[in-house]
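K.L.:
Sharing target.cif, mmCIF, N, CA and C atoms:
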data_entry
loop_
_atom_site.label_atom_id
_atom_site.label_comp_id
_atom_site.auth_asym_id
_atom_site.auth_seq_id
_atom_site.Cartn_x
_atom_site.Cartn_y
_atom_site.Cartn_z
N MET A 47 59.44 24.72 -19.02
CA MET A 47 59.11 24.96 -17.63
C MET A 47 59.28 26.44 -17.29
N VAL A 48 58.30 27.02 -16.66
CA VAL A 48 58.35 28.42 -16.26
C VAL A 48 59.04 28.51 -14.90
N LYS A 49 60.05 29.37 -14.81
CA LYS A 49 60.81 29.53 -13.57
C LYS A 49 60.21 30.66 -12.74
N ASP A 50 60.31 30.51 -11.42
CA ASP A 50 60.02 31.64 -10.55
C ASP A 50 61.05 32.73 -10.86
N TYR A 51 60.70 33.96 -10.55
CA TYR A 51 61.52 35.11 -10.93
C TYR A 51 61.89 35.91 -9.70
N VAL A 52 63.07 36.51 -9.74
CA VAL A 52 63.50 37.44 -8.70
C VAL A 52 63.86 38.77 -9.36
N GLY A 53 63.33 39.85 -8.81
CA GLY A 53 63.64 41.19 -9.28
C GLY A 53 64.23 42.01 -8.15
N LEU A 54 65.00 43.02 -8.50
CA LEU A 54 65.70 43.82 -7.49
C LEU A 54 65.38 45.30 -7.64
N ILE A 55 64.84 45.87 -6.57
CA ILE A 55 64.70 47.32 -6.46
C ILE A 55 65.98 47.79 -5.79
N ILE A 56 66.83 48.44 -6.57
CA ILE A 56 68.12 48.91 -6.07
C ILE A 56 68.01 50.42 -5.90
N GLU A 57 68.20 50.88 -4.68
CA GLU A 57 67.99 52.30 -4.35
C GLU A 57 69.27 52.93 -3.85
N ASN A 58 69.56 54.14 -4.31
CA ASN A 58 70.72 54.87 -3.80
C ASN A 58 70.30 55.78 -2.64
N ASN A 59 71.27 56.49 -2.08
CA ASN A 59 71.00 57.36 -0.92
C ASN A 59 70.09 58.54 -1.24
N LYS A 60 69.93 58.86 -2.53
CA LYS A 60 69.06 59.96 -2.94
C LYS A 60 67.62 59.51 -3.14
N GLY A 61 67.36 58.20 -2.98
CA GLY A 61 66.01 57.68 -3.20
C GLY A 61 65.72 57.34 -4.65
N GLU A 62 66.73 57.39 -5.50
CA GLU A 62 66.56 57.01 -6.90
C GLU A 62 66.70 55.49 -7.04
N LEU A 63 66.04 54.93 -8.05
CA LEU A 63 66.07 53.50 -8.28
C LEU A 63 66.88 53.19 -9.53
N LEU A 64 67.59 52.06 -9.50
CA LEU A 64 68.42 51.65 -10.63
C LEU A 64 67.63 50.75 -11.58
N PHE A 65 67.63 51.11 -12.85
CA PHE A 65 66.92 50.33 -13.87
C PHE A 65 67.89 49.92 -14.96
N GLN A 66 67.54 48.83 -15.63
CA GLN A 66 68.32 48.28 -16.73
C GLN A 66 67.54 48.45 -18.03
N LEU A 67 68.21 48.97 -19.06
CA LEU A 67 67.63 48.99 -20.40
C LEU A 67 68.03 47.67 -21.06
N ARG A 68 67.05 46.83 -21.30
CA ARG A 68 67.33 45.50 -21.86
C ARG A 68 67.86 45.62 -23.28
N ASP A 69 68.64 44.61 -23.67
CA ASP A 69 69.20 44.58 -25.02
C ASP A 69 68.11 44.62 -26.07
N ASN A 70 68.46 45.08 -27.25
CA ASN A 70 67.52 45.10 -28.37
C ASN A 70 67.66 43.80 -29.17
N ASN A 71 67.55 42.68 -28.48
CA ASN A 71 67.71 41.36 -29.07
C ASN A 71 66.32 40.75 -29.27
N PRO A 72 65.94 40.42 -30.49
CA PRO A 72 64.60 39.89 -30.73
C PRO A 72 64.31 38.56 -30.03
N LYS A 73 65.36 37.89 -29.53
CA LYS A 73 65.18 36.59 -28.88
C LYS A 73 64.86 36.69 -27.39
N ILE A 74 64.91 37.89 -26.82
CA ILE A 74 64.64 38.03 -25.39
C ILE A 74 63.29 38.70 -25.16
N LYS A 75 62.75 38.45 -24.00
CA LYS A 75 61.48 39.06 -23.60
C LYS A 75 61.74 40.52 -23.22
N ASN A 76 60.80 41.38 -23.54
CA ASN A 76 60.88 42.81 -23.18
C ASN A 76 62.13 43.50 -23.72
N LYS A 77 62.45 43.19 -24.97
CA LYS A 77 63.65 43.78 -25.58
C LYS A 77 63.53 45.31 -25.64
N ASN A 78 64.66 45.97 -25.45
CA ASN A 78 64.77 47.43 -25.54
C ASN A 78 63.77 48.16 -24.63
N GLN A 79 63.52 47.58 -23.46
CA GLN A 79 62.64 48.22 -22.48
C GLN A 79 63.36 48.35 -21.15
N TRP A 80 62.98 49.38 -20.41
CA TRP A 80 63.53 49.56 -19.07
C TRP A 80 62.89 48.55 -18.13
N SER A 81 63.72 47.96 -17.29
CA SER A 81 63.28 46.89 -16.40
C SER A 81 64.11 46.93 -15.12
N LEU A 82 63.77 46.04 -14.21
CA LEU A 82 64.59 45.82 -13.03
C LEU A 82 65.69 44.83 -13.36
N PHE A 83 66.74 44.84 -12.59
CA PHE A 83 67.72 43.78 -12.68
C PHE A 83 67.12 42.55 -12.02
N GLY A 84 67.46 41.38 -12.51
CA GLY A 84 66.95 40.14 -11.93
C GLY A 84 66.86 39.07 -12.99
N GLY A 85 66.20 37.96 -12.63
CA GLY A 85 66.07 36.86 -13.58
C GLY A 85 65.44 35.65 -12.93
N GLY A 86 65.52 34.54 -13.64
CA GLY A 86 64.91 33.30 -13.19
C GLY A 86 65.65 32.66 -12.04
N ILE A 87 64.89 32.02 -11.17
CA ILE A 87 65.46 31.27 -10.05
C ILE A 87 65.80 29.87 -10.55
N GLU A 88 67.07 29.49 -10.39
CA GLU A 88 67.52 28.18 -10.86
C GLU A 88 67.12 27.08 -9.88
N ARG A 89 67.07 25.86 -10.38
CA ARG A 89 66.74 24.69 -9.56
C ARG A 89 67.70 24.60 -8.38
N GLY A 90 67.14 24.45 -7.18
CA GLY A 90 67.94 24.32 -5.97
C GLY A 90 68.30 25.64 -5.31
N GLU A 91 67.98 26.77 -5.94
CA GLU A 91 68.28 28.08 -5.36
C GLU A 91 67.11 28.59 -4.54
N THR A 92 67.41 29.31 -3.50
CA THR A 92 66.38 30.07 -2.81
C THR A 92 66.24 31.40 -3.57
N PRO A 93 65.13 32.10 -3.39
CA PRO A 93 65.01 33.41 -4.04
C PRO A 93 66.16 34.36 -3.69
N LYS A 94 66.59 34.36 -2.44
CA LYS A 94 67.67 35.26 -2.04
C LYS A 94 68.99 34.87 -2.71
N GLN A 95 69.26 33.57 -2.82
CA GLN A 95 70.47 33.12 -3.52
C GLN A 95 70.42 33.53 -4.99
N ALA A 96 69.25 33.43 -5.60
CA ALA A 96 69.10 33.84 -7.00
C ALA A 96 69.35 35.34 -7.16
N ALA A 97 68.85 36.14 -6.22
CA ALA A 97 69.06 37.58 -6.29
C ALA A 97 70.55 37.91 -6.20
N ILE A 98 71.25 37.25 -5.31
CA ILE A 98 72.70 37.48 -5.15
C ILE A 98 73.44 37.06 -6.42
N ARG A 99 73.07 35.94 -7.01
CA ARG A 99 73.69 35.47 -8.26
C ARG A 99 73.43 36.46 -9.40
N GLU A 100 72.18 36.91 -9.52
CA GLU A 100 71.83 37.85 -10.59
C GLU A 100 72.60 39.16 -10.46
N LEU A 101 72.79 39.65 -9.25
CA LEU A 101 73.57 40.88 -9.04
C LEU A 101 75.01 40.70 -9.53
N LYS A 102 75.58 39.53 -9.25
CA LYS A 102 76.95 39.25 -9.69
C LYS A 102 77.01 39.15 -11.21
N GLU A 103 76.04 38.44 -11.81
CA GLU A 103 76.03 38.24 -13.26
C GLU A 103 75.74 39.53 -14.03
N GLU A 104 74.83 40.34 -13.53
CA GLU A 104 74.38 41.51 -14.30
C GLU A 104 75.11 42.81 -13.97
N LEU A 105 75.65 42.91 -12.74
CA LEU A 105 76.30 44.16 -12.33
C LEU A 105 77.70 43.96 -11.75
N ASP A 106 78.18 42.71 -11.75
CA ASP A 106 79.48 42.38 -11.15
C ASP A 106 79.54 42.89 -9.71
N LEU A 107 78.44 42.72 -8.99
CA LEU A 107 78.31 43.21 -7.63
C LEU A 107 78.15 42.03 -6.67
N ALA A 108 79.05 41.96 -5.69
CA ALA A 108 78.96 40.92 -4.66
C ALA A 108 78.41 41.56 -3.39
N ILE A 109 77.35 40.97 -2.86
CA ILE A 109 76.75 41.48 -1.63
C ILE A 109 76.56 40.34 -0.64
N LYS A 110 76.25 40.71 0.59
CA LYS A 110 75.91 39.72 1.62
C LYS A 110 74.39 39.58 1.66
N LYS A 111 73.92 38.40 2.00
CA LYS A 111 72.48 38.15 2.00
C LYS A 111 71.74 39.06 2.97
N GLU A 112 72.42 39.54 4.01
CA GLU A 112 71.79 40.43 4.99
C GLU A 112 71.45 41.79 4.39
N GLN A 113 72.05 42.14 3.27
CA GLN A 113 71.78 43.43 2.64
C GLN A 113 70.45 43.45 1.90
N LEU A 114 69.91 42.28 1.58
CA LEU A 114 68.65 42.18 0.84
C LEU A 114 67.46 42.13 1.78
N ARG A 115 66.40 42.84 1.42
CA ARG A 115 65.14 42.80 2.16
C ARG A 115 64.05 42.37 1.19
N LEU A 116 63.28 41.36 1.58
CA LEU A 116 62.15 40.94 0.75
C LEU A 116 61.09 42.03 0.82
N LEU A 117 60.73 42.55 -0.32
CA LEU A 117 59.74 43.62 -0.39
C LEU A 117 58.35 43.05 -0.65
N ALA A 118 58.26 42.07 -1.56
CA ALA A 118 56.94 41.53 -1.92
C ALA A 118 57.11 40.21 -2.68
N VAL A 119 56.05 39.41 -2.64
CA VAL A 119 55.96 38.20 -3.46
C VAL A 119 54.64 38.30 -4.22
N PHE A 120 54.74 38.17 -5.53
CA PHE A 120 53.56 38.25 -6.39
C PHE A 120 53.34 36.90 -7.06
N PRO A 121 52.42 36.09 -6.53
CA PRO A 121 52.15 34.81 -7.19
C PRO A 121 51.20 35.01 -8.36
N ASN A 122 51.40 34.24 -9.41
CA ASN A 122 50.41 34.18 -10.47
C ASN A 122 50.16 32.72 -10.78
N TYR A 123 49.41 32.43 -11.79
CA TYR A 123 49.00 31.05 -12.02
C TYR A 123 50.15 30.12 -12.42
N GLN A 124 51.26 30.64 -12.91
CA GLN A 124 52.37 29.80 -13.34
C GLN A 124 53.59 29.85 -12.44
N LYS A 125 53.82 30.98 -11.78
CA LYS A 125 55.06 31.15 -11.03
C LYS A 125 54.89 32.19 -9.94
N LYS A 126 55.95 32.34 -9.14
CA LYS A 126 56.01 33.40 -8.14
C LYS A 126 57.08 34.39 -8.56
N ASN A 127 56.80 35.65 -8.32
CA ASN A 127 57.76 36.73 -8.57
C ASN A 127 58.15 37.32 -7.22
N TYR A 128 59.44 37.20 -6.89
CA TYR A 128 59.96 37.72 -5.63
C TYR A 128 60.64 39.06 -5.91
N LEU A 129 60.35 40.05 -5.09
CA LEU A 129 60.94 41.36 -5.27
C LEU A 129 61.73 41.73 -4.02
N PHE A 130 63.02 41.96 -4.21
CA PHE A 130 63.90 42.35 -3.11
C PHE A 130 64.31 43.80 -3.24
N ARG A 131 64.66 44.40 -2.12
CA ARG A 131 65.14 45.78 -2.08
C ARG A 131 66.58 45.77 -1.59
N LEU A 132 67.43 46.56 -2.23
CA LEU A 132 68.83 46.68 -1.88
C LEU A 132 69.19 48.15 -1.86
N LYS A 133 69.76 48.62 -0.76
CA LYS A 133 70.21 50.01 -0.65
C LYS A 133 71.71 50.04 -0.95
N LEU A 134 72.11 50.96 -1.83
CA LEU A 134 73.52 51.16 -2.16
C LEU A 134 73.85 52.64 -2.02
N ASN A 135 75.11 52.93 -1.71
CA ASN A 135 75.50 54.34 -1.71
C ASN A 135 76.05 54.70 -3.08
N GLU A 136 76.20 55.98 -3.33
CA GLU A 136 76.61 56.45 -4.65
C GLU A 136 78.00 55.99 -5.04
N ASN A 137 78.83 55.62 -4.07
CA ASN A 137 80.20 55.22 -4.36
C ASN A 137 80.32 53.75 -4.76
N THR A 138 79.25 52.99 -4.69
CA THR A 138 79.30 51.58 -5.05
C THR A 138 79.59 51.45 -6.55
N LYS A 139 80.63 50.71 -6.87
CA LYS A 139 81.02 50.52 -8.27
C LYS A 139 80.16 49.43 -8.89
N LEU A 140 79.50 49.76 -10.00
CA LEU A 140 78.68 48.82 -10.73
C LEU A 140 79.20 48.72 -12.15
N LYS A 141 79.24 47.52 -12.67
CA LYS A 141 79.69 47.29 -14.05
C LYS A 141 78.56 46.58 -14.78
N LEU A 142 78.02 47.21 -15.79
CA LEU A 142 76.92 46.63 -16.54
C LEU A 142 77.42 45.42 -17.34
N MET A 143 76.89 44.25 -17.01
CA MET A 143 77.29 43.00 -17.66
C MET A 143 76.20 42.49 -18.61
N GLU A 144 74.96 42.90 -18.40
CA GLU A 144 73.83 42.52 -19.25
C GLU A 144 72.98 43.75 -19.50
N GLY A 145 72.43 43.85 -20.70
CA GLY A 145 71.62 45.00 -21.06
C GLY A 145 72.44 45.99 -21.84
N SER A 146 71.76 47.00 -22.40
CA SER A 146 72.46 48.00 -23.20
C SER A 146 72.78 49.27 -22.42
N SER A 147 72.09 49.47 -21.27
CA SER A 147 72.35 50.66 -20.47
C SER A 147 71.75 50.46 -19.08
N MET A 148 72.09 51.36 -18.18
CA MET A 148 71.48 51.37 -16.85
C MET A 148 71.46 52.81 -16.37
N GLY A 149 70.60 53.08 -15.41
CA GLY A 149 70.56 54.42 -14.86
C GLY A 149 69.69 54.49 -13.63
N TYR A 150 70.03 55.45 -12.78
CA TYR A 150 69.22 55.75 -11.59
C TYR A 150 68.17 56.78 -11.98
N PHE A 151 66.92 56.52 -11.61
CA PHE A 151 65.82 57.44 -11.89
C PHE A 151 64.88 57.49 -10.70
N THR A 152 64.18 58.59 -10.56
CA THR A 152 63.08 58.63 -9.60
C THR A 152 61.93 57.84 -10.21
N VAL A 153 60.95 57.49 -9.40
CA VAL A 153 59.78 56.78 -9.92
C VAL A 153 59.09 57.62 -11.00
N GLY A 154 58.96 58.91 -10.77
CA GLY A 154 58.33 59.79 -11.75
C GLY A 154 59.08 59.83 -13.06
N GLU A 155 60.42 59.88 -12.99
CA GLU A 155 61.23 59.92 -14.22
C GLU A 155 61.07 58.65 -15.04
N ILE A 156 61.10 57.50 -14.39
CA ILE A 156 61.00 56.25 -15.15
C ILE A 156 59.59 56.07 -15.72
N LEU A 157 58.58 56.53 -14.98
CA LEU A 157 57.21 56.40 -15.49
C LEU A 157 56.96 57.27 -16.72
N ARG A 158 57.74 58.33 -16.89
CA ARG A 158 57.59 59.19 -18.07
C ARG A 158 58.22 58.59 -19.33
N LYS A 159 59.03 57.56 -19.15
CA LYS A 159 59.63 56.89 -20.32
C LYS A 159 58.58 56.02 -21.00
N LYS A 160 58.64 55.96 -22.31
CA LYS A 160 57.66 55.18 -23.08
C LYS A 160 57.97 53.69 -23.09
N ASN A 161 59.23 53.32 -22.98
CA ASN A 161 59.64 51.93 -23.11
C ASN A 161 59.98 51.29 -21.75
N VAL A 162 58.95 51.17 -20.90
CA VAL A 162 59.09 50.52 -19.59
C VAL A 162 58.24 49.25 -19.64
N VAL A 163 58.78 48.16 -19.10
CA VAL A 163 58.04 46.90 -19.05
C VAL A 163 56.68 47.17 -18.39
N LYS A 164 55.61 46.69 -19.01
CA LYS A 164 54.25 47.02 -18.56
C LYS A 164 53.99 46.63 -17.11
N SER A 165 54.41 45.44 -16.69
CA SER A 165 54.17 45.01 -15.31
C SER A 165 54.96 45.86 -14.32
N LEU A 166 56.15 46.31 -14.72
CA LEU A 166 56.95 47.20 -13.88
C LEU A 166 56.27 48.56 -13.75
N ARG A 167 55.75 49.08 -14.85
CA ARG A 167 55.04 50.36 -14.82
C ARG A 167 53.87 50.30 -13.83
N LEU A 168 53.11 49.23 -13.89
CA LEU A 168 51.98 49.05 -12.98
C LEU A 168 52.45 49.00 -11.53
N PHE A 169 53.49 48.21 -11.27
CA PHE A 169 54.02 48.10 -9.91
C PHE A 169 54.49 49.47 -9.40
N LEU A 170 55.18 50.22 -10.24
CA LEU A 170 55.74 51.50 -9.81
C LEU A 170 54.67 52.53 -9.46
N LEU A 171 53.50 52.39 -10.02
CA LEU A 171 52.41 53.28 -9.64
C LEU A 171 52.06 53.11 -8.17
N PHE A 172 52.28 51.90 -7.63
CA PHE A 172 51.95 51.62 -6.23
C PHE A 172 53.19 51.59 -5.33
N TYR A 173 54.38 51.67 -5.91
CA TYR A 173 55.62 51.55 -5.13
C TYR A 173 55.72 52.57 -3.98
N PRO A 174 55.40 53.83 -4.20
CA PRO A 174 55.52 54.77 -3.07
C PRO A 174 54.68 54.33 -1.86
N LEU A 175 53.50 53.79 -2.09
CA LEU A 175 52.65 53.31 -1.00
C LEU A 175 53.27 52.07 -0.33
N ILE A 176 53.70 51.11 -1.12
CA ILE A 176 54.32 49.89 -0.58
C ILE A 176 55.57 50.25 0.20
N HIS A 177 56.39 51.12 -0.36
CA HIS A 177 57.64 51.53 0.27
C HIS A 177 57.40 52.20 1.62
N SER A 178 56.40 53.07 1.70
CA SER A 178 56.12 53.77 2.96
C SER A 178 55.57 52.81 4.01
N VAL A 179 54.77 51.84 3.62
CA VAL A 179 54.25 50.84 4.57
C VAL A 179 55.39 49.98 5.10
N LYS A 180 56.30 49.55 4.24
CA LYS A 180 57.45 48.74 4.67
C LYS A 180 58.31 49.52 5.64
N LYS A 181 58.54 50.82 5.40
CA LYS A 181 59.34 51.66 6.29
C LYS A 181 58.72 51.71 7.69
N GLU A 182 57.41 51.86 7.75
CA GLU A 182 56.70 51.94 9.03
C GLU A 182 56.81 50.64 9.81
N ASN A 183 56.87 49.51 9.13
CA ASN A 183 56.90 48.21 9.79
C ASN A 183 58.29 47.72 10.11
N GLN A 184 59.33 48.47 9.78
CA GLN A 184 60.70 48.04 10.06
C GLN A 184 61.15 48.52 11.42
#
Can you turn what I pasted into structure tokens?

P.N.:
Amino acid sequence: MVKDYVGLIIENNKGELLFQLRDNNPKIKNKNQWSLFGGGIERGETPKQAAIRELKEELDLAIKKEQLRLLAVFPNYQKKNYLFRLKLNENTKLKLMEGSSMGYFTVGEILRKKNVVKSLRLFLLFYPLIHSVKKENQ
């Protein structure tokens, strides 16, 4: 069964985005590629609950649901992909629990990397436009 997915655009006060370098494990999808934090939505969870759970599992970060903003929903023929935005300040303590590395990058910096998940690369080409439209509507 294919699960719906939740991804997190985590932004610091400098406008940089937090990305995860996935493990180099041949058993996982998109191994050794830069990606967003997130994962599958479990049975009985709302997308927002899944995002909060994934943050705790992957970054040991506990947040309130009010801190998350739904940025977009991308349906495809098998599942829905929910994308949330979370603003953090530079002093927020994060502990990498999954993946081999993490880092804050500008959109331009991450797009220059060769090992970025293809669907994320495509999304990031349009992110500045989506982000500016969301700002205007808030």

K.L.:
Rank A:Glu91, A:Ile156, A:Val52, A:Glu144 by their smallest atom-to-atom distance to A:Asp69, using only N, CA and C atoms, and report the top residue only.

P.N.:
A:Glu144

K.L.:
How would you write, as a PyMOL selection string, the residues chosen by the PyMOL selection byres ((chain A and resi 113-120) around 8) on this structure?

P.N.:
chain A and resi 94+109-112+121-123+125-133+176+180

K.L.:
Write the selection just made, keeping N, CA and C atoms, as an mmCIF file, in the frame of the given file?

P.N.:
data_model
loop_
_atom_site.group_PDB
_atom_site.id
_atom_site.type_symbol
_atom_site.label_atom_id
_atom_site.label_comp_id
_atom_site.auth_asym_id
_atom_site.auth_seq_id
_atom_site.Cartn_x
_atom_site.Cartn_y
_atom_site.Cartn_z
ATOM 1 N N LYS A 94 66.590 34.360 -2.440
ATOM 2 C CA LYS A 94 67.670 35.260 -2.040
ATOM 3 C C LYS A 94 68.990 34.870 -2.710
ATOM 4 N N ILE A 109 77.350 40.970 -2.860
ATOM 5 C CA ILE A 109 76.750 41.480 -1.630
ATOM 6 C C ILE A 109 76.560 40.340 -0.640
ATOM 7 N N LYS A 110 76.250 40.710 0.590
ATOM 8 C CA LYS A 110 75.910 39.720 1.620
ATOM 9 C C LYS A 110 74.390 39.580 1.660
ATOM 10 N N LYS A 111 73.920 38.400 2.000
ATOM 11 C CA LYS A 111 72.480 38.150 2.000
ATOM 12 C C LYS A 111 71.740 39.060 2.970
ATOM 13 N N GLU A 112 72.420 39.540 4.010
ATOM 14 C CA GLU A 112 71.790 40.430 4.990
ATOM 15 C C GLU A 112 71.450 41.790 4.390
ATOM 16 N N PRO A 121 52.420 36.090 -6.530
ATOM 17 C CA PRO A 121 52.150 34.810 -7.190
ATOM 18 C C PRO A 121 51.200 35.010 -8.360
ATOM 19 N N ASN A 122 51.400 34.240 -9.410
ATOM 20 C CA ASN A 122 50.410 34.180 -10.470
ATOM 21 C C ASN A 122 50.160 32.720 -10.780
ATOM 22 N N TYR A 123 49.410 32.430 -11.790
ATOM 23 C CA TYR A 123 49.000 31.050 -12.020
ATOM 24 C C TYR A 123 50.150 30.120 -12.420
ATOM 25 N N LYS A 125 53.820 30.980 -11.780
ATOM 26 C CA LYS A 125 55.060 31.150 -11.030
ATOM 27 C C LYS A 125 54.890 32.190 -9.940
ATOM 28 N N LYS A 126 55.950 32.340 -9.140
ATOM 29 C CA LYS A 126 56.010 33.400 -8.140
ATOM 30 C C LYS A 126 57.080 34.390 -8.560
ATOM 31 N N ASN A 127 56.800 35.650 -8.320
ATOM 32 C CA ASN A 127 57.760 36.730 -8.570
ATOM 33 C C ASN A 127 58.150 37.320 -7.220
ATOM 34 N N TYR A 128 59.440 37.200 -6.890
ATOM 35 C CA TYR A 128 59.960 37.720 -5.630
ATOM 36 C C TYR A 128 60.640 39.060 -5.910
ATOM 37 N N LEU A 129 60.350 40.050 -5.090
ATOM 38 C CA LEU A 129 60.940 41.360 -5.270
ATOM 39 C C LEU A 129 61.730 41.730 -4.020
ATOM 40 N N PHE A 130 63.020 41.960 -4.210
ATOM 41 C CA PHE A 130 63.900 42.350 -3.110
ATOM 42 C C PHE A 130 64.310 43.800 -3.240
ATOM 43 N N ARG A 131 64.660 44.400 -2.120
ATOM 44 C CA ARG A 131 65.140 45.780 -2.080
ATOM 45 C C ARG A 131 66.580 45.770 -1.590
ATOM 46 N N LEU A 132 67.430 46.560 -2.230
ATOM 47 C CA LEU A 132 68.830 46.680 -1.880
ATOM 48 C C LEU A 132 69.190 48.150 -1.860
ATOM 49 N N LYS A 133 69.760 48.620 -0.760
ATOM 50 C CA LYS A 133 70.210 50.010 -0.650
ATOM 51 C C LYS A 133 71.710 50.040 -0.950
ATOM 52 N N ILE A 176 53.700 51.110 -1.120
ATOM 53 C CA ILE A 176 54.320 49.890 -0.580
ATOM 54 C C ILE A 176 55.570 50.250 0.200
ATOM 55 N N LYS A 180 56.300 49.550 4.240
ATOM 56 C CA LYS A 180 57.450 48.740 4.670
ATOM 57 C C LYS A 180 58.310 49.520 5.640
#

K.L.:
Residues within 9 Å of A:Val163, please, as a list in words. Count only C-alpha atoms; anything in the same chain fewer than 5 positions from it doesn't count.

P.N.:
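Near neighbours after the sequence-gap exclusion: Asn76, Gln79, Trp80, Ser81, Leu82 and Leu168 of chain A.
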
K.L.:
Quick one: distance from atom CA of A:Asn58 to atom C of A:Thr92 in Å, one decimal?

P.N.:
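Those two atoms sit 23.9 Å apart.
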
K.L.:
Taking the DSSP secondary structure from the backbone, can you list the residues of stretch 71-121 of chain A that are strand (DSSP E or B), as a list in words?

P.N.:
Trp80, Ser81, Phe83, Gly84, Gly85, Gly86, Leu114, Arg115, Leu116, Leu117, Ala118, Val119, Phe120 and Pro121 of chain A

K.L.:
Grab the atom N of A:Lys139 to atom N of A:Lys102 distance for me, in Å with one decimal place.

P.N.:
12.5 Å

K.L.:
Mind checking DSSP for stretch 49-175 of chain A and telling me the alpha helix (DSSP H) residues as an NGL selection string?

P.N.:
:A and (93-105 or 153-157 or 164-175)

K.L.:
Closest to A:Asn135 among A:Ile55, A:Ile74, A:Lys49, A:Gly61, using only C-alpha atoms?

P.N.:
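Of A:Ile55, A:Ile74, A:Lys49, A:Gly61, the one nearest A:Asn135 is A:Gly61, counting only C-alpha atoms.
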
K.L.:
Using Å and a single decimal, report how far atom CA of A:Lys60 sits from atom N of A:Ile87.

P.N.:
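Rounded to one decimal, the two atoms are 29.4 Å apart.
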
K.L.:
If you count only C-alpha atoms, which residues fall within 9 Å of A:Ser146, apart from same-chain ones fewer than 4 positions away, as a count of residues only?

P.N.:
7

K.L.:
Enumerate, as a PyMOL selection string, the residues matched when the PyMOL selection byres (((chain A and resi 149 and name CA) around 9) and name CA) is run on the file above.

P.N.:
chain A and resi 63-67+147-148+150-151

K.L.:
Could stretch 64-75 of chain A be written out with N, CA, C and O atoms, as a PDB file, in the first residue's frame, please?

P.N.:
ATOM      1  N   LEU A  64      16.357  23.969   5.517  1.00  0.00           N
ATOM      2  CA  LEU A  64      17.045  22.821   6.093  1.00  0.00           C
ATOM      3  C   LEU A  64      16.788  21.574   5.247  1.00  0.00           C
ATOM      4  O   LEU A  64      15.634  21.247   4.958  1.00  0.00           O
ATOM      5  N   PHE A  65      17.860  20.900   4.863  1.00  0.00           N
ATOM      6  CA  PHE A  65      17.760  19.681   4.060  1.00  0.00           C
ATOM      7  C   PHE A  65      18.464  18.540   4.777  1.00  0.00           C
ATOM      8  O   PHE A  65      19.393  18.747   5.557  1.00  0.00           O
ATOM      9  N   GLN A  66      18.019  17.333   4.458  1.00  0.00           N
ATOM     10  CA  GLN A  66      18.581  16.108   5.014  1.00  0.00           C
ATOM     11  C   GLN A  66      19.303  15.340   3.909  1.00  0.00           C
ATOM     12  O   GLN A  66      18.748  15.152   2.825  1.00  0.00           O
ATOM     13  N   LEU A  67      20.536  14.909   4.196  1.00  0.00           N
ATOM     14  CA  LEU A  67      21.233  13.998   3.296  1.00  0.00           C
ATOM     15  C   LEU A  67      20.859  12.588   3.738  1.00  0.00           C
ATOM     16  O   LEU A  67      21.191  12.169   4.853  1.00  0.00           O
ATOM     17  N   ARG A  68      20.122  11.900   2.889  1.00  0.00           N
ATOM     18  CA  ARG A  68      19.636  10.562   3.241  1.00  0.00           C
ATOM     19  C   ARG A  68      20.796   9.579   3.360  1.00  0.00           C
ATOM     20  O   ARG A  68      21.847   9.759   2.755  1.00  0.00           O
ATOM     21  N   ASP A  69      20.570   8.550   4.178  1.00  0.00           N
ATOM     22  CA  ASP A  69      21.583   7.518   4.373  1.00  0.00           C
ATOM     23  C   ASP A  69      21.961   6.867   3.051  1.00  0.00           C
ATOM     24  O   ASP A  69      21.167   6.843   2.110  1.00  0.00           O
ATOM     25  N   ASN A  70      23.151   6.304   3.006  1.00  0.00           N
ATOM     26  CA  ASN A  70      23.605   5.581   1.825  1.00  0.00           C
ATOM     27  C   ASN A  70      23.254   4.096   1.976  1.00  0.00           C
ATOM     28  O   ASN A  70      24.100   3.223   1.860  1.00  0.00           O
ATOM     29  N   ASN A  71      21.987   3.831   2.235  1.00  0.00           N
ATOM     30  CA  ASN A  71      21.481   2.481   2.466  1.00  0.00           C
ATOM     31  C   ASN A  71      20.769   2.016   1.200  1.00  0.00           C
ATOM     32  O   ASN A  71      19.795   2.638   0.777  1.00  0.00           O
ATOM     33  N   PRO A  72      21.210   0.936   0.585  1.00  0.00           N
ATOM     34  CA  PRO A  72      20.593   0.489  -0.672  1.00  0.00           C
ATOM     35  C   PRO A  72      19.122   0.094  -0.533  1.00  0.00           C
ATOM     36  O   PRO A  72      18.418  -0.014  -1.524  1.00  0.00           O
ATOM     37  N   LYS A  73      18.639  -0.086   0.702  1.00  0.00           N
ATOM     38  CA  LYS A  73      17.251  -0.499   0.924  1.00  0.00           C
ATOM     39  C   LYS A  73      16.270   0.668   0.976  1.00  0.00           C
ATOM     40  O   LYS A  73      15.061   0.456   1.030  1.00  0.00           O
ATOM     41  N   ILE A  74      16.762   1.899   0.970  1.00  0.00           N
ATOM     42  CA  ILE A  74      15.851   3.047   1.050  1.00  0.00           C
ATOM     43  C   ILE A  74      15.770   3.766  -0.293  1.00  0.00           C
ATOM     44  O   ILE A  74      16.684   3.686  -1.117  1.00  0.00           O
ATOM     45  N   LYS A  75      14.681   4.470  -0.463  1.00  0.00           N
ATOM     46  CA  LYS A  75      14.477   5.272  -1.670  1.00  0.00           C
ATOM     47  C   LYS A  75      15.339   6.536  -1.575  1.00  0.00           C
ATOM     48  O   LYS A  75      15.515   7.096  -0.495  1.00  0.00           O
TER      49      LYS A  75
END
